[in-house]
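A.B. asks: Okay, so here is upload_2.txt, and as you'll see once you scroll down, it has compact mmCIF, C-alpha atoms.
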```
# COMPACT_ATOMS: atom_id res chain seq x y z
CA MET S 1035 145.13 89.00 -40.03
CA ASN S 1036 142.73 88.56 -42.89
CA VAL S 1037 141.13 85.28 -43.94
CA VAL S 1038 139.81 85.04 -47.49
CA LEU S 1039 137.45 82.29 -48.63
CA VAL S 1040 137.18 82.19 -52.41
CA GLU S 1041 133.78 80.85 -53.46
CA PRO S 1042 133.10 78.74 -50.35
CA GLU S 1043 130.49 76.05 -50.87
CA ILE S 1044 129.69 74.41 -47.53
CA PRO S 1045 127.87 76.53 -44.92
CA PRO S 1046 129.22 74.76 -41.79
CA ASN S 1047 132.80 75.31 -42.94
CA THR S 1048 132.23 79.02 -43.41
CA GLY S 1049 130.45 79.21 -40.06
CA ASN S 1050 133.38 77.51 -38.35
CA VAL S 1051 135.81 79.90 -40.02
CA ALA S 1052 133.68 82.83 -38.86
CA ARG S 1053 133.95 81.57 -35.27
CA LEU S 1054 137.70 81.26 -35.69
CA CYS S 1055 137.91 84.80 -37.05
CA ALA S 1056 135.87 86.12 -34.13
CA ALA S 1057 138.14 84.38 -31.62
CA THR S 1058 141.33 85.67 -33.27
CA ARG S 1059 140.03 89.11 -34.26
CA SER S 1060 140.80 88.36 -37.88
CA LYS S 1061 138.79 89.91 -40.70
CA LEU S 1062 136.85 87.47 -42.90
CA HIS S 1063 136.47 88.12 -46.63
CA LEU S 1064 133.91 86.06 -48.57
CA ILE S 1065 134.39 86.06 -52.35
CA GLU S 1066 131.31 85.30 -54.45
CA PRO S 1067 129.74 83.27 -55.79
CA LEU S 1068 128.91 81.55 -52.53
CA GLY S 1069 127.53 78.02 -52.54
CA PHE S 1070 124.84 78.99 -50.02
CA LYS S 1071 122.75 81.90 -48.85
CA LEU S 1072 124.04 83.97 -45.96
CA ASP S 1073 120.82 83.33 -44.06
CA ASP S 1074 121.41 79.56 -44.29
CA THR S 1075 120.56 77.90 -40.97
CA GLN S 1076 123.62 75.61 -41.15
CA LEU S 1077 125.85 78.67 -41.59
CA LYS S 1078 124.30 80.34 -38.57
CA ARG S 1079 124.40 77.15 -36.51
CA ALA S 1080 128.10 76.58 -37.20
CA GLY S 1081 128.91 80.23 -36.46
CA MET S 1082 126.67 80.10 -33.38
CA ASP S 1083 126.35 83.55 -31.85
CA TYR S 1084 129.79 84.61 -33.04
CA TRP S 1085 128.64 86.33 -36.23
CA GLN S 1086 127.99 89.52 -34.28
CA HIS S 1087 131.67 89.54 -33.27
CA VAL S 1088 133.10 88.92 -36.74
CA GLN S 1089 134.41 91.73 -38.88
CA TRP S 1090 133.58 90.48 -42.35
CA GLN S 1091 133.00 91.64 -45.88
CA ARG S 1092 131.35 90.09 -48.90
CA TRP S 1093 132.95 90.68 -52.31
CA PRO S 1094 131.21 90.17 -55.68
CA SER S 1095 134.33 88.73 -57.35
CA TRP S 1096 138.03 88.01 -56.94
CA ALA S 1097 138.88 90.99 -59.17
CA GLY S 1098 136.75 93.32 -57.03
CA PHE S 1099 138.47 92.10 -53.89
CA ALA S 1100 142.02 92.12 -55.30
CA ASP S 1101 141.63 95.67 -56.59
CA ARG S 1102 140.86 96.88 -53.05
CA VAL S 1103 143.76 95.19 -51.24
CA ALA S 1104 146.11 97.93 -50.08
CA SER S 1105 149.49 98.01 -51.77
CA GLY S 1106 152.22 96.33 -49.80
CA ARG S 1107 149.86 93.77 -48.28
CA ARG S 1108 150.80 90.15 -48.87
CA LEU S 1109 148.36 87.53 -50.06
CA TRP S 1110 149.29 83.94 -49.22
CA PHE S 1111 147.58 81.26 -51.30
CA ILE S 1112 147.17 78.03 -49.34
CA GLU S 1113 146.65 75.08 -51.67
CA SER S 1114 148.05 71.60 -52.14
CA GLY S 1115 151.12 71.36 -54.33
CA GLY S 1116 152.64 74.63 -53.14
CA PRO S 1117 156.43 74.89 -53.21
CA ARG S 1118 156.70 75.89 -49.52
CA LEU S 1119 155.14 74.77 -46.27
CA TYR S 1120 152.97 77.27 -44.44
CA SER S 1121 155.23 76.82 -41.40
CA GLU S 1122 158.27 78.12 -43.33
CA VAL S 1123 156.87 81.65 -43.69
CA THR S 1124 157.04 84.67 -41.42
CA PHE S 1125 153.59 86.22 -41.59
CA GLY S 1126 152.67 89.84 -40.93
CA THR S 1127 149.64 91.03 -39.00
CA GLU S 1128 148.10 92.62 -42.11
CA ASP S 1129 148.61 89.59 -44.39
CA TYR S 1130 145.80 87.79 -46.18
CA LEU S 1131 145.43 84.01 -45.99
CA VAL S 1132 143.57 82.89 -49.12
CA PHE S 1133 141.73 79.55 -49.32
CA GLY S 1134 139.72 78.08 -52.19
CA ARG S 1135 136.51 76.15 -52.66
CA GLU S 1136 136.08 72.86 -50.88
CA THR S 1137 135.64 70.88 -54.11
CA ALA S 1138 138.05 72.65 -56.47
CA GLY S 1139 140.53 74.67 -54.42
CA LEU S 1140 141.95 77.93 -55.72
CA PRO S 1141 141.97 78.82 -59.41
CA LYS S 1142 145.16 77.53 -61.04
CA THR S 1143 145.80 80.92 -62.62
CA LEU S 1144 146.16 82.52 -59.17
CA LEU S 1145 148.65 79.87 -58.12
CA LYS S 1146 150.70 80.13 -61.32
CA GLU S 1147 150.76 83.94 -61.06
CA ASN S 1148 151.93 83.80 -57.42
CA PRO S 1149 154.34 80.88 -57.01
CA ASP S 1150 156.33 82.71 -54.32
CA ARG S 1151 153.14 83.09 -52.22
CA TRP S 1152 151.77 79.58 -52.80
CA LEU S 1153 151.91 77.57 -49.57
CA ARG S 1154 150.89 74.04 -48.71
CA ILE S 1155 149.94 72.08 -45.63
CA PRO S 1156 151.83 68.77 -45.51
CA MET S 1157 149.91 65.57 -46.11
CA PHE S 1158 151.56 62.33 -45.07
CA ASN S 1159 149.07 59.93 -46.64
CA ASP S 1160 148.80 59.97 -50.43
CA GLN S 1161 145.38 58.34 -50.15
CA ALA S 1162 143.92 61.39 -48.39
CA ARG S 1163 142.78 64.00 -50.94
CA SER S 1164 142.56 66.97 -48.61
CA LEU S 1165 141.82 68.31 -45.16
CA ASN S 1166 138.62 70.07 -44.16
CA LEU S 1167 138.64 73.75 -45.13
CA SER S 1168 137.97 75.08 -41.63
CA ASN S 1169 140.75 72.86 -40.23
CA CYS S 1170 143.16 74.25 -42.83
CA VAL S 1171 142.26 77.81 -41.93
CA ALA S 1172 142.78 77.05 -38.23
CA LEU S 1173 146.20 75.47 -38.81
CA VAL S 1174 147.55 78.33 -40.89
CA LEU S 1175 145.91 81.18 -38.98
CA PHE S 1176 147.26 80.04 -35.64
CA GLU S 1177 150.73 79.57 -37.15
CA ALA S 1178 150.50 83.08 -38.59
```
Could you take the file, read its structure, and then write that structure out as structure tokens?

C.D. replies:
Amino acid sequence: MNVVLVEPEIPPNTGNVARLCAATRSKLHLIEPLGFKLDDTQLKRAGMDYWQHVQWQRWPSWAGFADRVASGRRLWFIESGGPRLYSEVTFGTEDYLVFGRETAGLPKTLLKENPDRWLRIPMFNDQARSLNLSNCVALVLFEA
């Protein structure tokens, strides 16, 4: 599996996702701009000593990343408001799970261009805005 974080902002979330990717042998893709420096102590602390076990790549932009995705690979965009639940999909081992920034989510253009690949995690309380990014990645990755 591949986990894609588009413009992540909070170092501990990215560190937690890195640990998750190490434990599941999933590749982590970080799309710039990042809201932190990769030598950030919070990032390292959250990732603990797992960074050495993570296969990861940094991309300068979404366009640069998207151009390099092999044809036939599916990108799943996980964002609130999606027409399908993440649990309704049959994932493949080479799929990409794409998550957006903590404060803004994924760009609306990506979601509108890919309605058949736009998935959501159910929320049962309208007062809750969202779940933590690293929790969302864990939910969907383990389902996949």

A.B. asks: May I ask which of the residues S:Trp1096, S:Tyr1120, S:Trp1090, S:Tyr1084 is the closest one to S:Ala1056, counting only C-alpha atoms?

C.D. replies: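 Counting only C-alpha atoms, the residue closest to S:Ala1056 is S:Tyr1084.
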
A.B. asks: State, in Å with one decimal place, the distance from atom CA of S:Thr1143 to atom CA of S:Gly1098.

C.D. replies: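 Distance reported for this atom pair: 16.3 Å.
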
A.B. asks: Report as JSON lines: every residue of stretch 1118-1171 of chain S with an atom at most 6 Å from stretch 1038-1042 of chain S, its closest pair of atoms, and their distance in Å to one decimal, counting all atoms listed in the file, with rows sorted by chain and ascending residue number.

C.D. replies:
```
{"residue": "S:Leu1131", "atom": "CA", "partner": "S:Val1038", "partner_atom": "CA", "distance": 5.9}
{"residue": "S:Val1132", "atom": "CA", "partner": "S:Val1038", "partner_atom": "CA", "distance": 4.6}
{"residue": "S:Phe1133", "atom": "CA", "partner": "S:Leu1039", "partner_atom": "CA", "distance": 5.1}
{"residue": "S:Gly1134", "atom": "CA", "partner": "S:Val1040", "partner_atom": "CA", "distance": 4.8}
{"residue": "S:Arg1135", "atom": "CA", "partner": "S:Pro1042", "partner_atom": "CA", "distance": 4.9}
```

A.B. asks: Could you write those residues out with C-alpha atoms, as a PDB file, in the coordinates of the input?

C.D. replies:
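Listing of part.pdb after writing:
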```pdb
ATOM      1  CA  LEU S1131     145.430  84.010 -45.990  1.00  0.00           C
ATOM      2  CA  VAL S1132     143.570  82.890 -49.120  1.00  0.00           C
ATOM      3  CA  PHE S1133     141.730  79.550 -49.320  1.00  0.00           C
ATOM      4  CA  GLY S1134     139.720  78.080 -52.190  1.00  0.00           C
ATOM      5  CA  ARG S1135     136.510  76.150 -52.660  1.00  0.00           C
TER       6      ARG S1135
END
```

A.B. asks: Which distance in Å separates atom CA of S:Trp1110 and atom CA of S:Lys1078, to one decimal?

C.D. replies: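 So the two atoms, atom CA of S:Trp1110 and atom CA of S:Lys1078, lie 27.4 Å apart.
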
A.B. asks: Check the smallest atom-to-atom distance from each of S:Asn1050, S:Ser1105, S:Asn1169, S:Thr1058 to S:Asp1083 using all atoms listed in the file, then report the winner.

C.D. replies: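 Result for the nearest residue to S:Asp1083: S:Asn1050.
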
A.B. asks: Taking into account all atoms listed in the file, which residue in the set S:Trp1093, S:Trp1152, S:Asn1159, S:Pro1045 is nearest to S:Glu1136?

C.D. replies: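 Ranked by minimum distance to S:Glu1136, first place goes to S:Pro1045.
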
A.B. asks: Give me, please, the distance in Å between atom CA of S:Arg1154 and atom CA of S:Glu1066, quoted to one decimal.

C.D. replies: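 So the answer is 23.3 Å.
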
A.B. asks: Which residues are close to S:Ser1168, i.e. within 7 Å by all atoms listed in the file, leaving aside same-chain residues fewer than 2 positions away? Reply as a PyMOL selection string.

C.D. replies: chain S and resi 1047+1050-1051+1166+1170-1172

A.B. asks: Give the answer as one residue: which of S:Ala1052, S:Leu1062, S:Leu1072, S:Ala1178 has the shortest atom-to-atom distance to S:Asp1129, using all atoms listed in the file?

C.D. replies: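 Ranking S:Ala1052, S:Leu1062, S:Leu1072, S:Ala1178 by distance to S:Asp1129, first place goes to S:Ala1178.
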